[in-house]
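This is my_file-v9.txt (compact mmCIF, C-alpha atoms and all ligand atoms).
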```
# COMPACT_ATOMS: atom_id res chain seq x y z
CA TRP Q 1 -7.74 -14.86 -6.99
CA ILE Q 2 -6.44 -18.09 -8.49
CA SER Q 3 -3.91 -16.32 -10.71
CA TYR Q 4 -2.02 -13.03 -10.77
CA HIS Q 5 -3.70 -10.53 -13.05
CA ARG Q 6 -2.39 -8.09 -15.60
CA LEU Q 7 -3.05 -4.40 -15.08
CA ASN Q 8 -5.77 -4.17 -17.74
CA ASN Q 9 -7.62 -6.96 -15.99
CA ILE Q 10 -7.40 -5.22 -12.61
CA TYR Q 11 -8.54 -1.93 -14.13
CA ALA Q 12 -11.43 -3.65 -15.93
CA PHE Q 13 -12.54 -5.07 -12.57
CA LEU Q 14 -12.48 -1.62 -10.95
CA THR Q 15 -14.50 -0.21 -13.86
CA TYR Q 16 -16.98 -3.06 -13.57
CA LEU Q 17 -17.51 -2.36 -9.86
CA ASN Q 18 -17.93 1.35 -10.52
CA THR Q 19 -20.62 0.66 -13.12
CA THR Q 20 -22.37 -2.11 -11.21
CA TYR Q 21 -22.46 -0.54 -7.75
CA PRO Q 22 -22.71 3.23 -8.35
CA LYS Q 23 -24.14 3.85 -4.89
CA LEU Q 24 -21.28 2.13 -3.11
CA VAL Q 25 -18.30 2.71 -5.33
CA GLN Q 26 -16.56 5.66 -6.90
CA LEU Q 27 -13.60 5.16 -9.21
CA ILE Q 28 -11.26 8.14 -9.02
CA ASN Q 29 -8.54 8.82 -11.58
CA ILE Q 30 -5.89 10.66 -9.58
CA GLY Q 31 -3.37 11.15 -12.37
CA SER Q 32 -1.06 9.30 -14.72
CA SER Q 33 2.09 7.26 -14.38
CA TYR Q 34 5.35 8.13 -16.14
CA GLU Q 35 4.27 6.02 -19.10
CA LYS Q 36 0.80 7.61 -19.02
CA ARG Q 37 -1.18 4.80 -17.49
CA PRO Q 38 -4.05 5.97 -15.29
CA LEU Q 39 -3.66 5.89 -11.51
CA TYR Q 40 -6.87 4.71 -9.86
CA VAL Q 41 -8.22 4.98 -6.35
CA ILE Q 42 -11.51 3.29 -5.54
CA ARG Q 43 -13.66 4.77 -2.81
CA ILE Q 44 -16.07 2.44 -1.07
CA SER Q 45 -18.68 4.11 1.09
CA ASN Q 46 -22.29 3.47 2.00
CA SER Q 47 -22.62 6.93 3.55
CA SER Q 48 -25.13 9.38 2.12
CA SER Q 49 -22.37 11.99 2.30
CA PRO Q 50 -19.12 10.14 1.60
CA GLY Q 51 -16.02 11.98 2.66
CA THR Q 52 -17.36 13.08 6.02
CA ARG Q 53 -16.58 9.97 8.04
CA PRO Q 54 -13.32 8.46 9.27
CA ALA Q 55 -11.54 6.64 6.47
CA ILE Q 56 -8.98 3.92 5.92
CA TRP Q 57 -6.47 4.12 3.07
CA ILE Q 58 -4.95 0.92 1.61
CA ASP Q 59 -2.45 0.80 -1.22
CA GLY Q 60 -0.67 -1.96 -3.09
CA GLY Q 61 1.80 -2.32 -5.87
CA ILE Q 62 4.28 0.35 -4.78
CA HIS Q 63 6.96 -2.21 -5.61
CA ALA Q 64 6.42 -3.80 -9.00
CA ARG Q 65 7.52 -7.37 -8.30
CA GLU Q 66 5.51 -7.81 -5.09
CA TRP Q 67 2.56 -9.33 -6.91
CA ILE Q 68 0.72 -10.56 -3.85
CA SER Q 69 0.14 -6.94 -2.83
CA PRO Q 70 -2.25 -5.85 -5.65
CA ALA Q 71 -3.86 -9.28 -5.34
CA VAL Q 72 -4.70 -8.71 -1.67
CA ALA Q 73 -5.80 -5.12 -2.32
CA THR Q 74 -8.22 -6.22 -5.06
CA TYR Q 75 -9.51 -9.06 -2.88
CA ILE Q 76 -10.26 -6.54 -0.12
CA ILE Q 77 -12.13 -4.39 -2.64
CA GLN Q 78 -14.18 -7.35 -3.84
CA GLN Q 79 -15.05 -8.44 -0.30
CA LEU Q 80 -16.08 -4.95 0.82
CA VAL Q 81 -18.22 -4.29 -2.23
CA GLU Q 82 -19.75 -7.64 -3.13
CA VAL Q 83 -20.12 -9.63 0.09
CA PRO Q 84 -23.16 -8.57 2.13
CA ALA Q 85 -21.77 -10.26 5.26
CA ASN Q 86 -18.99 -7.65 5.27
CA ALA Q 87 -21.39 -4.70 5.35
CA LYS Q 88 -20.51 -4.00 8.98
CA LEU Q 89 -17.06 -2.91 7.81
CA LEU Q 90 -18.75 -0.09 5.90
CA SER Q 91 -21.09 1.06 8.62
CA ASN Q 92 -18.83 3.73 10.17
CA VAL Q 93 -15.85 4.03 7.85
CA ASP Q 94 -15.08 5.04 4.25
CA TRP Q 95 -12.40 3.13 2.35
CA TYR Q 96 -9.91 4.44 -0.19
CA ILE Q 97 -8.02 1.66 -1.93
CA MET Q 98 -5.36 2.05 -4.61
CA PRO Q 99 -4.36 -1.46 -5.75
CA VAL Q 100 -1.53 -0.50 -8.10
CA VAL Q 101 0.47 2.60 -7.21
CA ASN Q 102 3.21 1.73 -9.72
CA PRO Q 103 1.44 0.43 -12.85
CA ASP Q 104 4.41 0.91 -15.20
CA GLY Q 105 6.63 -1.23 -13.01
CA TYR Q 106 3.89 -3.81 -12.54
CA GLU Q 107 3.43 -4.20 -16.30
CA PHE Q 108 7.19 -4.40 -16.78
CA THR Q 109 7.37 -7.36 -14.37
CA HIS Q 110 4.82 -9.14 -16.57
CA THR Q 111 6.40 -8.37 -19.93
CA THR Q 112 10.14 -8.09 -19.43
CA ASN Q 113 11.70 -8.51 -16.00
CA ARG Q 114 9.86 -10.34 -13.22
CA MET Q 115 12.22 -8.91 -10.57
CA TRP Q 116 11.73 -5.21 -11.40
CA ARG Q 117 11.00 -3.11 -8.30
CA LYS Q 118 11.02 0.56 -9.26
CA THR Q 119 9.06 2.95 -11.47
CA ARG Q 120 10.07 3.19 -15.15
CA SER Q 121 11.06 6.84 -15.41
CA VAL Q 122 14.07 7.83 -17.50
CA SER Q 123 17.08 9.43 -15.84
CA SER Q 124 18.87 12.45 -17.32
CA THR Q 125 22.24 11.28 -16.00
CA SER Q 126 22.15 7.51 -16.47
CA SER Q 127 20.89 4.87 -18.85
CA CYS Q 128 19.42 3.03 -15.85
CA ARG Q 129 15.70 3.58 -15.42
CA GLY Q 130 13.36 3.86 -12.46
CA VAL Q 131 13.10 5.27 -8.96
CA ASP Q 132 12.21 3.33 -5.82
CA PRO Q 133 8.80 4.80 -4.98
CA ASN Q 134 9.35 3.81 -1.36
CA ARG Q 135 12.43 6.03 -1.17
CA ASN Q 136 10.75 8.93 -2.96
CA PHE Q 137 8.22 10.23 -0.41
CA GLY Q 138 8.84 13.62 1.14
CA PHE Q 139 9.67 12.88 4.74
CA LYS Q 140 13.37 12.47 5.60
CA TRP Q 141 13.90 12.06 1.87
CA GLY Q 142 17.51 11.26 1.00
CA GLY Q 143 18.49 9.87 4.38
CA LEU Q 144 19.60 6.37 5.34
CA GLY Q 145 18.97 3.34 3.13
CA ALA Q 146 18.29 5.27 -0.05
CA SER Q 147 20.70 5.21 -2.96
CA THR Q 148 21.82 8.18 -5.05
CA ASN Q 149 22.68 5.78 -7.89
CA PRO Q 150 19.99 5.45 -10.59
CA CYS Q 151 21.17 1.90 -11.26
CA GLN Q 152 20.32 0.73 -7.73
CA ASP Q 153 17.01 -0.79 -6.69
CA THR Q 154 16.71 1.70 -3.82
CA TYR Q 155 17.38 4.82 -5.94
CA ARG Q 156 15.73 7.78 -4.25
CA GLY Q 157 15.17 9.93 -7.35
CA THR Q 158 16.33 13.48 -8.01
CA LYS Q 159 14.06 15.00 -5.37
CA ALA Q 160 11.17 14.04 -3.10
CA PHE Q 161 8.09 13.21 -5.18
CA SER Q 162 10.04 13.31 -8.44
CA GLU Q 163 7.82 10.47 -9.66
CA PRO Q 164 4.31 11.19 -10.97
CA GLU Q 165 3.08 8.11 -9.10
CA THR Q 166 4.25 9.20 -5.63
CA LEU Q 167 3.27 12.82 -6.32
CA ALA Q 168 -0.30 12.00 -7.34
CA THR Q 169 -0.75 9.49 -4.52
CA SER Q 170 0.57 11.84 -1.86
CA ASN Q 171 -1.46 14.78 -3.15
CA PHE Q 172 -4.63 12.74 -3.03
CA ILE Q 173 -3.94 11.48 0.50
CA LYS Q 174 -3.02 14.97 1.69
CA GLY Q 175 -6.34 16.27 0.41
CA LYS Q 176 -8.12 13.70 2.60
CA SER Q 177 -5.74 13.76 5.55
CA SER Q 178 -8.29 14.97 8.08
CA GLN Q 179 -10.54 12.04 7.16
CA ILE Q 180 -7.94 9.28 6.81
CA LYS Q 181 -7.10 7.82 10.22
CA LEU Q 182 -5.21 4.77 9.08
CA TYR Q 183 -2.69 4.36 6.27
CA LEU Q 184 -1.92 0.78 5.27
CA THR Q 185 0.56 -0.07 2.52
CA LEU Q 186 0.90 -3.65 1.30
CA HIS Q 187 4.31 -5.03 0.36
CA SER Q 188 6.04 -8.39 0.34
CA TYR Q 189 7.70 -10.39 1.60
CA GLY Q 190 8.50 -11.44 5.19
CA GLN Q 191 5.25 -11.48 7.20
CA TYR Q 192 5.83 -8.30 9.16
CA ALA Q 193 3.57 -5.57 10.47
CA LEU Q 194 5.94 -2.60 10.43
CA ILE Q 195 5.42 0.47 12.57
CA PRO Q 196 7.07 3.88 11.89
CA TYR Q 197 9.50 5.27 11.77
CA GLY Q 198 11.53 3.44 9.18
CA TYR Q 199 14.01 6.18 8.29
CA ASP Q 200 15.97 5.34 11.44
CA VAL Q 201 15.31 3.63 14.75
CA VAL Q 202 12.96 6.35 15.98
CA TYR Q 203 9.63 5.74 17.67
CA PRO Q 204 6.76 8.21 17.39
CA PRO Q 205 5.37 9.42 20.73
CA ASP Q 206 2.22 7.33 20.27
CA TYR Q 207 4.16 4.21 19.26
CA ASN Q 208 2.42 2.12 21.91
CA ASP Q 209 -1.00 2.94 20.43
CA LEU Q 210 0.22 1.79 17.01
CA LEU Q 211 1.78 -1.34 18.50
CA ALA Q 212 -1.37 -2.31 20.40
CA LEU Q 213 -3.55 -1.98 17.31
CA ALA Q 214 -1.09 -3.89 15.11
CA ASN Q 215 -0.87 -6.69 17.67
CA ASN Q 216 -4.64 -6.84 17.84
CA ALA Q 217 -4.86 -7.03 14.03
CA ALA Q 218 -2.07 -9.62 13.84
CA SER Q 219 -3.88 -11.78 16.38
CA LYS Q 220 -6.52 -12.43 13.69
CA PHE Q 221 -4.04 -14.20 11.43
CA VAL Q 222 -4.31 -17.97 11.59
CA LYS Q 223 -2.40 -19.50 8.72
CA TYR Q 224 0.50 -17.06 8.52
CA THR Q 225 2.06 -15.43 11.55
CA TYR Q 226 3.32 -11.88 11.28
CA THR Q 227 6.03 -10.29 13.40
CA VAL Q 228 5.01 -6.87 14.75
CA GLY Q 229 7.42 -4.07 15.55
CA ASN Q 230 9.33 -0.98 14.50
CA SER Q 231 10.37 -0.97 10.87
CA ALA Q 232 14.01 0.04 11.32
CA ASP Q 233 14.38 -2.39 14.22
CA LEU Q 234 12.94 -5.40 12.43
CA LEU Q 235 14.26 -4.73 8.91
CA TYR Q 236 16.65 -1.85 8.28
CA ALA Q 237 16.64 1.93 8.18
CA ALA Q 238 15.21 3.21 4.90
CA SER Q 239 14.18 6.82 4.32
CA GLY Q 240 11.55 8.27 2.03
CA GLY Q 241 8.98 5.56 2.71
CA SER Q 242 5.27 6.16 2.25
CA ASP Q 243 4.47 4.96 5.78
CA ASP Q 244 6.76 7.52 7.45
CA TRP Q 245 5.37 10.27 5.22
CA ALA Q 246 1.75 9.35 6.07
CA LYS Q 247 2.61 9.41 9.77
CA SER Q 248 4.35 12.78 9.33
CA ILE Q 249 1.24 14.45 7.89
CA GLY Q 250 -0.78 13.47 10.94
CA ILE Q 251 -2.33 10.13 10.02
CA LYS Q 252 -2.11 8.49 13.41
CA TYR Q 253 -2.10 4.83 12.40
CA SER Q 254 0.41 4.12 9.65
CA TYR Q 255 1.67 0.64 8.77
CA THR Q 256 3.59 -1.30 6.18
CA PHE Q 257 2.50 -4.92 6.00
CA GLU Q 258 4.97 -7.29 4.42
CA LEU Q 259 2.78 -10.11 3.15
CA PRO Q 260 3.87 -13.76 2.85
CA ASP Q 261 5.93 -15.66 2.52
CA ARG Q 262 9.06 -15.63 4.69
CA GLY Q 263 11.47 -16.23 1.85
CA THR Q 264 10.85 -19.72 0.52
CA ASN Q 265 9.31 -18.35 -2.64
CA ALA Q 266 9.88 -14.69 -1.79
CA PHE Q 267 8.49 -12.38 -4.52
CA THR Q 268 7.40 -15.33 -6.68
CA LEU Q 269 4.76 -16.62 -4.30
CA PRO Q 270 2.86 -19.40 -6.11
CA ALA Q 271 -0.60 -18.44 -7.35
CA SER Q 272 -2.08 -21.23 -5.23
CA GLU Q 273 -1.16 -19.11 -2.18
CA ILE Q 274 -3.07 -16.00 -3.28
CA LEU Q 275 -6.45 -16.95 -1.88
CA PRO Q 276 -5.10 -18.36 1.41
CA VAL Q 277 -3.11 -15.15 1.99
CA CYS Q 278 -6.12 -12.96 1.16
CA GLN Q 279 -8.49 -14.95 3.37
CA ASP Q 280 -6.07 -14.93 6.26
CA PHE Q 281 -5.52 -11.18 5.96
CA PHE Q 282 -9.08 -9.91 5.54
CA PRO Q 283 -10.32 -10.41 9.15
CA ALA Q 284 -7.68 -7.98 10.42
CA LEU Q 285 -9.56 -5.17 8.71
CA ASP Q 286 -12.37 -5.50 11.20
CA VAL Q 287 -9.93 -4.57 13.96
CA PHE Q 288 -8.82 -1.49 12.02
CA ALA Q 289 -12.34 -0.39 11.10
CA THR Q 290 -13.54 -0.70 14.68
CA LYS Q 291 -10.63 1.39 15.95
CA VAL Q 292 -10.78 4.24 13.45
CA ALA Q 293 -14.54 4.61 13.83
CA THR Q 294 -13.91 6.33 17.17
CA CYS Q 295 -10.19 6.82 17.57
CA CYS Q 296 -9.00 10.29 16.55
O1 LIG B 1 12.37 -1.48 1.84
C1 LIG B 1 11.17 -1.23 1.68
O2 LIG B 1 10.76 -0.29 1.00
C2 LIG B 1 10.12 -2.11 2.38
N1 LIG B 1 10.49 -3.51 2.25
S1 LIG B 1 10.40 -4.23 0.77
O3 LIG B 1 11.00 -5.55 0.87
N2 LIG B 1 8.85 -4.46 0.40
O4 LIG B 1 11.01 -3.39 -0.21
C3 LIG B 1 10.04 -1.74 3.84
C4 LIG B 1 9.66 -0.31 4.10
C5 LIG B 1 9.49 0.00 5.55
N3 LIG B 1 9.22 1.40 5.78
C6 LIG B 1 10.19 2.35 5.82
N4 LIG B 1 11.46 2.05 5.81
N5 LIG B 1 9.81 3.59 5.90
ZN ZN B 2 7.99 -3.47 -1.14
```

For the structure just supplied, provide its representation as structure tokens.
Amino acid sequence: WISYHRLNNIYAFLTYLNTTYPKLVQLINIGSSYEKRPLYVIRISNSSSPGTRPAIWIDGGIHAREWISPAVATYIIQQLVEVPANAKLLSNVDWYIMPVVNPDGYEFTHTTNRMWRKTRSVSSTSSCRGVDPNRNFGFKWGGLGASTNPCQDTYRGTKAFSEPETLATSNFIKGKSSQIKLYLTLHSYGQYALIPYGYDVVYPPDYNDLLALANNAASKFVKYTYTVGNSADLLYAASGGSDDWAKSIGIKYSYTFELPDRGTNAFTLPASEILPVCQDFFPALDVFATKVATCC
């Protein structure tokens, strides 16, 4: 966590963990990206029958250029698997972590265009490529804040789940939706804990439960302060987001965390900040794990 890693490096790390800790870790290939890269979820569980306990889902790398997001997701994986002092986080909860939802975009930001955001799929009507994965999920798809123009960074795609990445991710989550109690998606930047809904300024009936837990989690942050509140209130209305979709299928606690910074370096956060951001973030997971162990 002293530099940003290429996809093959991240995938080699996941494979290493799977081989080294077979009792704790299961690497699950949930499908392929548009350019045929594998999509990996890692399950971390010390249960004798994994899949029967409450679970937390964490994903990163939905947006290609937000490099701090896969970095934090892989740090969380490393801490949960390899640090004995964190074993209490595994005692009542299973973890599903997908560090790079959009591997094609992530690679493209390393090889060609550092500011790429979207997937890399080809359009049948335009020479512009890519769909915004966070406008492509199937709840309120095609509403506010989502472009119909394939050349825009917020292009929604031709239909909900048009992208193999969002389709595979959502299908996997749906299959585990009775187990998963908390959906956490890591983005950057801004230092926000965002609560649904984001498609418009609409609060779910249990908004206050989500707010209380987010405030409790955010109280663990020392070095970076995060602003907690409704997504459309704090940022803007944007439909087709993964957080809204997760909430809509019955996952009670659903959050988007916008990691540091607040705009000084924006998407190009210096590598020297990776470890401080990861270390500041990790303690919040204890708050989440404690809650979901008994919540719902
Ligand atoms: O616009 C987004 O997709 C997210 N911000 S980012 O700068 N990382 O692109 C915010 C998404 C918030 N959630 C919803 N609008 N549903
Ligand atoms: Zn993002």

What's around Leu210 (chain Q) at 9 Å? Count all atoms listed in the file, leave out sequence neighbours fewer than 5 positions away in its own chain, and write the answer as a ChimeraX atom specification.
/Q:195-196,215,252-255

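For the choices Q:Gln152, Q:Leu17, Q:Lys159, Q:Glu165, the atom-to-atom distance to Ser127 (chain Q) is smallest for Q:Gln152 when using all atoms listed in the file.
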
Residue nearest Tyr207 (chain Q) - candidates Q:Thr52, Q:Ser231, Q:Ser219, Q:Thr19, atoms counted: all atoms listed in the file
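Of Q:Thr52, Q:Ser231, Q:Ser219, Q:Thr19, the one nearest Tyr207 (chain Q) is Q:Ser231, counting all atoms listed in the file.
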
Would you compute the distance between CA of Trp1 (chain Q) and CA of Ile274 (chain Q)? Give it in Å to one decimal.
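CA of Ile274 (chain Q) lies at a distance of 6.1 Å from CA of Trp1 (chain Q).
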
Contact residues around Phe288 (chain Q) with all atoms listed in the file at 8 Å, ignoring same-chain residues under 4 positions, as a PyMOL selection string
chain Q and resi 182+213+217+284+292

Check every protein, DNA and RNA residue against ligand LIG 1 (chain B), keep those with an atom at most 8 Å away (counting only C-alpha atoms and all ligand atoms), and present them as a ChimeraX atom specification.
/Q:63,66,132,134-135,154,187-190,194-200,231-232,235-244,256,258

Selected residue, from Q:Phe257, Q:Phe221, Q:Tyr203, Q:Phe137, that lies nearest to ligand ZN 2 (chain B) when counting all atoms listed in the file
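Ranking Q:Phe257, Q:Phe221, Q:Tyr203, Q:Phe137 by distance to ligand ZN 2 (chain B), first place goes to Q:Phe257.
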
Coordinates of box centre and edge lengths for region 243-261 of chain Q, 6 Å on every side, axis-aligned, as AutoDock Vina command-line options:
```
--center_x 2.2 --center_y -0.6 --center_z 8.0 --size_x 21.1 --size_y 42.1 --size_z 22.9
```

Length of the CA of Ala160 (chain Q) to CA of Ile58 (chain Q) vector [Å]:
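Interatomic distance, CA of Ala160 (chain Q) to CA of Ile58 (chain Q): 21.3 Å.
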
For the point (0.0, 12.2, -4.9) in the file's frame, write as a PyMOL selection string all residues with an atom no more than 12 Å away, counting all atoms listed in the file.
chain Q and resi 29-33+39-41+98+101-102+133+136-138+160-176+242+245-246

One decimal, Å: what's the distance from CA of Ile68 (chain Q) over to CA of Arg114 (chain Q), could you say?
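Distance between the two atoms: 13.1 Å.
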
Nearest residue to Ser126 (chain Q) out of Q:Arg37, Q:Tyr106, Q:Asn149, Q:Ile76, using all atoms listed in the file?
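Closest candidate: Q:Asn149.
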
Residue among Q:Ala64, Q:Ile2, Q:Cys295, Q:Val25 lying closest to ligand ZN 2 (chain B), counting only C-alpha atoms and all ligand atoms:
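Between Q:Ala64, Q:Ile2, Q:Cys295, Q:Val25, the residue approaching ligand ZN 2 (chain B) most closely is Q:Ala64.
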
Judged by all atoms listed in the file, the minimum distance to Asp280 (chain Q) among Q:Val72, Q:Ala266, Q:Val222, Q:Val228 is found for Q:Val222

Which residues of region 38-89 of chain Q sit at most 12 Å from region 7-13 of chain Q, using only C-alpha atoms? Give each one's shortest atom pair and distance in Å (one decimal place), in chain and ascending residue order, as JSON lines.
```
{"residue": "Q:Pro38", "atom": "CA", "partner": "Q:Tyr11", "partner_atom": "CA", "distance": 9.2}
{"residue": "Q:Leu39", "atom": "CA", "partner": "Q:Tyr11", "partner_atom": "CA", "distance": 9.6}
{"residue": "Q:Tyr40", "atom": "CA", "partner": "Q:Tyr11", "partner_atom": "CA", "distance": 8.1}
{"residue": "Q:Val41", "atom": "CA", "partner": "Q:Tyr11", "partner_atom": "CA", "distance": 10.4}
{"residue": "Q:Ile42", "atom": "CA", "partner": "Q:Tyr11", "partner_atom": "CA", "distance": 10.5}
{"residue": "Q:Gly61", "atom": "CA", "partner": "Q:Leu7", "partner_atom": "CA", "distance": 10.6}
{"residue": "Q:Ala64", "atom": "CA", "partner": "Q:Leu7", "partner_atom": "CA", "distance": 11.3}
{"residue": "Q:Trp67", "atom": "CA", "partner": "Q:Leu7", "partner_atom": "CA", "distance": 11.1}
{"residue": "Q:Pro70", "atom": "CA", "partner": "Q:Ile10", "partner_atom": "CA", "distance": 8.7}
{"residue": "Q:Ala71", "atom": "CA", "partner": "Q:Ile10", "partner_atom": "CA", "distance": 9.0}
{"residue": "Q:Val72", "atom": "CA", "partner": "Q:Ile10", "partner_atom": "CA", "distance": 11.8}
{"residue": "Q:Ala73", "atom": "CA", "partner": "Q:Ile10", "partner_atom": "CA", "distance": 10.4}
{"residue": "Q:Thr74", "atom": "CA", "partner": "Q:Ile10", "partner_atom": "CA", "distance": 7.7}
{"residue": "Q:Tyr75", "atom": "CA", "partner": "Q:Ile10", "partner_atom": "CA", "distance": 10.7}
{"residue": "Q:Ile77", "atom": "CA", "partner": "Q:Phe13", "partner_atom": "CA", "distance": 10.0}
{"residue": "Q:Gln78", "atom": "CA", "partner": "Q:Phe13", "partner_atom": "CA", "distance": 9.2}
{"residue": "Q:Val81", "atom": "CA", "partner": "Q:Phe13", "partner_atom": "CA", "distance": 11.8}
```

Take the residues just selected and output them with C-alpha atoms as a CSV table (one decimal), in the frame of the given file.
```csv
chain,number,residue,atom,x,y,z
Q,38,PRO,CA,-4.0,6.0,-15.3
Q,39,LEU,CA,-3.7,5.9,-11.5
Q,40,TYR,CA,-6.9,4.7,-9.9
Q,41,VAL,CA,-8.2,5.0,-6.4
Q,42,ILE,CA,-11.5,3.3,-5.5
Q,61,GLY,CA,1.8,-2.3,-5.9
Q,64,ALA,CA,6.4,-3.8,-9.0
Q,67,TRP,CA,2.6,-9.3,-6.9
Q,70,PRO,CA,-2.2,-5.8,-5.6
Q,71,ALA,CA,-3.9,-9.3,-5.3
Q,72,VAL,CA,-4.7,-8.7,-1.7
Q,73,ALA,CA,-5.8,-5.1,-2.3
Q,74,THR,CA,-8.2,-6.2,-5.1
Q,75,TYR,CA,-9.5,-9.1,-2.9
Q,77,ILE,CA,-12.1,-4.4,-2.6
Q,78,GLN,CA,-14.2,-7.4,-3.8
Q,81,VAL,CA,-18.2,-4.3,-2.2
```

Would you list the contacts of Ser45 (chain Q) as a list of chain:residue names, taking every protein, DNA or RNA residue within 12 Å and counting all atoms listed in the file, but skipping same-chain residues closer than 5 positions in sequence?
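In the requested form, the answer reads Q:Asn18, Q:Tyr21, Q:Pro22, Q:Lys23, Q:Leu24, Q:Val25, Q:Gln26, Q:Leu27, Q:Pro50, Q:Gly51, Q:Thr52, Q:Arg53, Q:Pro54, Q:Ala55, Q:Ile56, Q:Ile77, Q:Leu80, Q:Val81, Q:Ala87, Q:Lys88, Q:Leu89, Q:Leu90, Q:Ser91, Q:Asn92, Q:Val93, Q:Asp94, Q:Trp95, Q:Tyr96, Q:Ile97.
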